[in-house]
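Listing of entry-v5.txt; format and content: compact mmCIF, C-alpha atoms and all ligand atoms.
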# COMPACT_ATOMS: atom_id res chain seq x y z
CA MET A 1131 157.76 167.80 -8.58
CA LEU A 1132 156.86 166.76 -5.04
CA CYS A 1133 155.63 170.31 -4.59
CA VAL A 1134 153.24 169.96 -7.53
CA GLN A 1135 151.92 166.63 -6.34
CA LEU A 1136 151.31 168.12 -2.92
CA ILE A 1137 149.56 171.13 -4.44
CA TYR A 1138 146.99 168.95 -6.15
CA ARG A 1139 146.93 166.20 -3.55
CA PRO A 1140 147.66 167.91 -0.23
CA GLU A 1141 146.41 164.82 1.58
CA MET A 1142 149.45 162.92 0.30
CA CYS A 1143 152.14 161.93 2.82
CA PRO A 1144 149.98 162.96 5.80
CA SER A 1145 152.85 162.78 8.28
CA LEU A 1146 155.31 164.79 6.20
CA ARG A 1147 156.60 167.80 8.14
CA GLU A 1148 159.90 168.62 6.51
CA ILE A 1149 161.05 169.07 2.92
CA ASP A 1150 164.61 169.56 1.70
CA PHE A 1151 164.67 171.36 -1.65
CA GLY A 1152 168.37 170.89 -2.35
CA ASN A 1153 169.86 173.41 -4.78
CA TYR A 1154 166.83 175.17 -6.06
CA VAL A 1155 163.31 176.00 -5.06
CA GLU A 1156 160.54 177.37 -7.25
CA TRP A 1157 158.98 179.88 -4.91
CA ASP A 1158 155.57 180.12 -6.53
CA LEU A 1159 155.09 176.35 -6.28
CA LEU A 1160 156.34 176.27 -2.71
CA PHE A 1161 153.95 179.03 -1.60
CA ILE A 1162 150.93 177.48 -3.35
CA MET A 1163 151.78 174.09 -1.89
CA LEU A 1164 152.07 175.49 1.63
CA ARG A 1165 148.70 177.21 1.25
CA GLN A 1166 147.04 173.99 0.12
CA ARG A 1167 148.67 171.91 2.79
CA ASN A 1168 149.01 174.18 5.81
CA LEU A 1169 145.87 176.29 5.79
CA GLY A 1170 142.59 174.98 7.07
CA ARG A 1171 143.28 171.24 7.07
CA LYS A 1172 142.95 168.96 10.06
CA ASP A 1173 143.69 165.63 8.36
CA VAL A 1174 147.37 166.10 7.62
CA SER A 1175 150.39 167.41 9.49
CA ARG A 1176 151.64 170.84 8.58
CA ILE A 1177 154.87 171.27 6.61
CA GLU A 1178 156.77 173.04 9.36
CA LYS A 1179 160.28 173.07 8.06
CA VAL A 1180 161.83 173.59 4.64
CA SER A 1181 165.50 173.49 3.66
CA VAL A 1182 166.22 175.83 0.78
CA PRO A 1183 169.36 177.39 -0.71
CA PHE A 1184 168.45 180.90 0.33
CA VAL A 1185 165.42 182.95 1.37
CA PRO A 1186 165.27 186.47 -0.06
CA PHE A 1187 164.65 188.96 2.71
CA GLU A 1188 161.34 190.15 1.29
CA LEU A 1189 159.89 186.63 1.25
CA HIS A 1190 160.78 185.85 4.86
CA PRO A 1191 157.67 187.02 6.73
CA ALA A 1192 155.16 185.48 4.31
CA LEU A 1193 157.02 182.17 4.23
CA LEU A 1194 157.29 182.00 8.00
CA ASP A 1195 153.58 182.65 8.33
CA LEU A 1196 152.73 179.84 5.93
CA LEU A 1197 154.97 177.43 7.84
CA LEU A 1198 153.05 178.40 10.96
CA GLY A 1199 149.73 177.78 9.22
CA ARG A 1200 148.79 181.42 8.67
CA GLU A 1201 148.54 183.60 5.62
CA ARG A 1202 149.08 187.33 5.37
CA GLN A 1203 146.92 189.47 3.17
CA ASP A 1204 149.87 191.38 1.77
CA GLY A 1205 151.88 188.28 0.84
CA PRO A 1206 153.79 188.23 -2.47
CA SER A 1207 151.88 187.51 -5.66
CA ASN A 1208 152.56 184.43 -7.77
CA MET A 1209 154.17 186.68 -10.34
CA VAL A 1210 156.61 188.13 -7.81
CA LEU A 1211 157.44 184.60 -6.68
CA SER A 1212 157.82 183.28 -10.20
CA LEU A 1213 160.95 182.56 -12.22
CA GLU A 1214 160.09 185.61 -14.31
CA GLU A 1215 161.59 187.73 -11.52
CA THR A 1216 165.11 186.52 -12.31
CA ARG A 1217 164.87 185.80 -16.05
CA GLU A 1218 166.23 189.14 -17.23
CA LEU A 1219 169.02 189.15 -14.65
CA ILE A 1220 170.22 185.70 -15.64
CA CYS A 1221 170.16 186.64 -19.31
CA ASP A 1222 172.03 189.92 -18.79
CA PRO A 1223 175.76 189.27 -19.24
CA SER A 1224 176.67 192.35 -17.18
CA ILE A 1225 175.06 190.87 -14.06
CA PRO A 1226 177.51 188.76 -12.04
CA GLY A 1227 176.57 185.41 -10.54
CA CYS A 1228 176.19 181.77 -11.46
CA VAL A 1229 172.82 180.49 -12.67
CA GLU A 1230 172.09 178.79 -9.38
CA CYS A 1231 172.77 181.87 -7.24
CA LEU A 1232 170.80 184.19 -9.52
CA ARG A 1233 167.82 181.85 -9.66
CA ASN A 1234 167.84 181.59 -5.91
CA MET A 1235 168.28 185.37 -5.59
CA ARG A 1236 171.31 184.63 -3.45
CA PRO A 1237 173.71 187.57 -3.31
CA GLY A 1238 177.50 187.34 -3.03
CA CYS A 1239 178.34 185.02 -5.92
CA GLY A 1240 181.65 185.59 -7.71
CA GLY A 1241 180.60 183.89 -10.95
CA VAL A 1242 180.66 185.93 -14.16
CA ALA A 1243 179.17 185.54 -17.61
CA ARG A 1244 181.61 185.65 -20.51
CA PRO A 1245 181.32 185.38 -24.29
CA ARG A 1246 180.79 181.85 -25.40
CA GLN A 1247 183.80 179.87 -26.69
CA PRO A 1248 183.42 177.27 -29.43
CA ASP A 1249 184.35 174.42 -27.10
CA ASP A 1250 182.01 175.40 -24.26
CA PRO A 1251 179.75 172.46 -23.48
CA GLU A 1252 176.06 172.75 -24.17
CA GLU A 1253 174.52 172.69 -20.73
CA GLY A 1254 171.04 171.42 -20.33
CA LEU A 1255 169.02 172.73 -17.42
CA LEU A 1256 166.65 170.64 -15.41
CA HIS A 1257 164.84 173.68 -14.03
CA PRO A 1258 162.48 175.40 -14.34
CA PHE A 1259 159.92 172.68 -14.33
CA ASP A 1260 157.67 172.27 -17.29
CA MET A 1261 154.99 170.04 -15.93
CA LYS A 1262 152.50 167.80 -17.56
CA LEU A 1263 149.47 168.86 -15.63
CA ASP A 1264 146.64 167.33 -17.58
CA ASN A 1265 145.96 164.70 -14.92
CA PHE A 1266 145.65 167.36 -12.30
CA PHE A 1267 143.64 170.02 -14.05
CA GLY A 1268 140.20 170.75 -12.71
CA ARG A 1269 140.91 169.59 -9.18
CA ILE A 1270 141.69 173.05 -7.87
CA PRO A 1271 140.39 175.65 -10.32
CA SER A 1272 141.92 178.54 -8.37
CA VAL A 1273 145.38 177.08 -8.99
CA ASP A 1274 144.86 176.06 -12.61
CA ALA A 1275 144.93 179.60 -13.98
CA TRP A 1276 148.34 180.24 -12.49
CA MET A 1277 149.64 176.89 -13.72
CA VAL A 1278 148.66 177.79 -17.28
CA GLU A 1279 150.35 181.19 -16.94
CA ARG A 1280 153.35 179.50 -15.37
CA ARG A 1281 153.74 177.14 -18.27
CA ARG A 1282 153.90 180.16 -20.56
CA LEU A 1283 156.56 181.77 -18.33
CA VAL A 1284 158.64 178.59 -18.29
CA GLY A 1285 158.60 178.61 -22.10
CA LYS A 1286 159.64 182.25 -22.10
CA TRP A 1287 162.41 181.58 -19.60
CA LYS A 1288 163.81 178.72 -21.60
CA ALA A 1289 163.70 180.69 -24.85
CA SER A 1290 165.49 183.66 -23.25
CA PHE A 1291 168.11 181.45 -21.70
CA LYS A 1292 168.71 179.61 -24.93
CA THR A 1293 169.34 182.89 -26.75
CA PHE A 1294 171.64 184.01 -23.96
CA GLN A 1295 173.52 180.71 -24.01
CA SER A 1296 174.12 180.93 -27.73
CA ARG A 1297 176.29 184.00 -27.10
CA TYR A 1298 177.44 183.77 -23.50
CA HIS A 1299 178.52 181.25 -20.96
CA ARG A 1300 177.44 181.61 -17.36
CA PRO A 1301 178.61 179.05 -14.80
CA THR A 1302 175.75 176.85 -13.69
CA LEU A 1303 176.92 176.37 -10.12
CA CYS A 1304 179.53 177.81 -7.80
CA LEU A 1305 181.20 176.82 -4.60
CA PHE A 1306 179.67 179.70 -2.71
CA ARG A 1307 177.23 178.24 -0.25
CA VAL A 1308 175.31 179.42 2.71
CA PRO A 1309 175.98 176.10 4.49
CA GLU A 1310 172.40 175.10 5.07
CA TYR A 1311 169.42 177.34 5.14
CA ILE A 1312 166.62 175.90 7.16
CA LEU A 1313 163.47 177.72 8.02
CA LEU A 1314 161.81 176.77 11.30
ZN ZN B 1401 176.97 181.25 -7.43

As structure tokens - that is how I would like this structure written.
Ligand SMILES: [Zn+2]
Amino acid sequence: MLCVQLIYRPEMCPSLREIDFGNYVEWDLLFIMLRQRNLGRKDVSRIEKVSVPFVPFELHPALLDLLLGRERQDGPSNMVLSLEETRELICDPSIPGCVECLRNMRPGCGGVARPRQPDDPEEGLLHPFDMKLDNFFGRIPSVDAWMVERRRLVGKWKASFKTFQSRYHRPTLCLFRVPEYILL
């Protein structure tokens, strides 16, 4: 949520230089936020360091550039960065991995999906974010279109996962950790 607030109000927390995202980062929001905050502003400090669970190899160069206050023309699109990229993997029982590792595109997880048992707990998921954006809309028209599309994708993600969960159980978390992944 901090990411979203910073997208629409990049002047917020002017001295903020570091953000720790804990277990999960939504890449599209992070990239948009870094563009709003780090490119072409003199009145706030740049976000120079982010702690995230894992950085997929193909996102490395574009993310590093944004942390340095630059943008590359061939950077990944919002769609590539979005949760849609992992939706089908997470909802495919033949793909190994816990929810957290798959969402973070972190390889090496030993978790497996298995058919659902009657006594499996119903697990609610905090992510992906489904934001109430009405207060923000109109401030940055170039971002609004993606936010509308994103809301649709979040709905799709949740619907897919709900269907998957009605038949299968996939562990939410695992003990596999890259100790701490800090960029810059
Ligand atoms: Zn895992």

Wanna dump the chain A-ligand ZN 1401 (chain B) contacts at 8 Å for me, each residue with its shortest atom pair and the distance in Å to one decimal, counting all atoms listed in the file, ordered by chain and number, as CSV?
residue,atom,partner,partner_atom,distance
A:Gly1227,CA,B:ZN1401,ZN,5.2
A:Cys1228,CA,B:ZN1401,ZN,4.1
A:Val1229,CA,B:ZN1401,ZN,6.7
A:Glu1230,CA,B:ZN1401,ZN,5.8
A:Cys1231,CA,B:ZN1401,ZN,4.2
A:Leu1232,CA,B:ZN1401,ZN,7.1
A:Arg1236,CA,B:ZN1401,ZN,7.7
A:Gly1238,CA,B:ZN1401,ZN,7.5
A:Cys1239,CA,B:ZN1401,ZN,4.3
A:Gly1240,CA,B:ZN1401,ZN,6.4
A:Gly1241,CA,B:ZN1401,ZN,5.7
A:Pro1301,CA,B:ZN1401,ZN,7.9
A:Thr1302,CA,B:ZN1401,ZN,7.7
A:Leu1303,CA,B:ZN1401,ZN,5.6
A:Cys1304,CA,B:ZN1401,ZN,4.3
A:Leu1305,CA,B:ZN1401,ZN,6.7
A:Phe1306,CA,B:ZN1401,ZN,5.7
A:Arg1307,CA,B:ZN1401,ZN,7.8

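If you count only C-alpha atoms and draw a sphere of 7 Å around (162.9, 186.4, -19.7), the protein and nucleic acid residues inside it come out as Glu1214, Arg1217, Glu1218, Lys1286, Trp1287 and Ser1290 of chain A.
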
Just to confirm, what's the straight-line distance from atom CA of Ile1149 of chain A to atom CA of Ile1177 of chain A in Å (one decimal)?
7.5 Å

Under the rule of at most 6 Å, produce a per-residue listing of segment 1195-1306 of chain A near segment 1157-1171 of chain A: chain, number, name, the closest pair of atoms, and the distance in Å, as CSV, using all atoms listed in the file.
residue,atom,partner,partner_atom,distance
A:Gly1199,CA,A:Asn1168,CA,5.0
A:Asn1208,CA,A:Asp1158,CA,5.4
A:Leu1211,CA,A:Asp1158,CA,4.9
A:Ser1212,CA,A:Asp1158,CA,5.3

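Atom CA of Ala1192 of chain A is positioned 22.6 Å from atom CA of Glu1141 of chain A.
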
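Using all atoms listed in the file, the shortest contact distance between Val1210 of chain A and any of A:Glu1253, A:Asp1222, A:Asp1173, A:Glu1156 is found at A:Glu1156.
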
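Between atom CA of Leu1219 of chain A and atom CA of Val1273 of chain A the separation is 27.1 Å.
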
Ref. answer, residues at most 12 Å from (153.1, 167.5, 12.1) with all atoms listed in the file, as JSON, numbers by chain
{"A": [1143, 1144, 1145, 1146, 1147, 1148, 1167, 1168, 1171, 1172, 1173, 1174, 1175, 1176, 1177, 1178, 1179, 1197, 1198, 1199]}

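By chain and then residue number, the residues within 10 Å of Phe1151 of chain A are Leu1132, Cys1133, Glu1148, Tyr1154, Val1155, Glu1156, Leu1160, Val1180, Ser1181, Val1182 and Pro1183 of chain A, counting only C-alpha atoms and disregarding those fewer than 3 positions away in sequence.
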
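Using all atoms listed in the file, the contacts of Asp1274 of chain A at a cut-off of 12 Å, with sequence neighbours closer than 2 positions omitted, comprise Val1134, Ile1137, Tyr1138, Ile1162, Leu1263, Asp1264, Asn1265, Phe1266, Phe1267, Gly1268, Arg1269, Ile1270, Pro1271, Ser1272, Trp1276, Met1277, Val1278, Glu1279, Arg1280 and Arg1281 of chain A.
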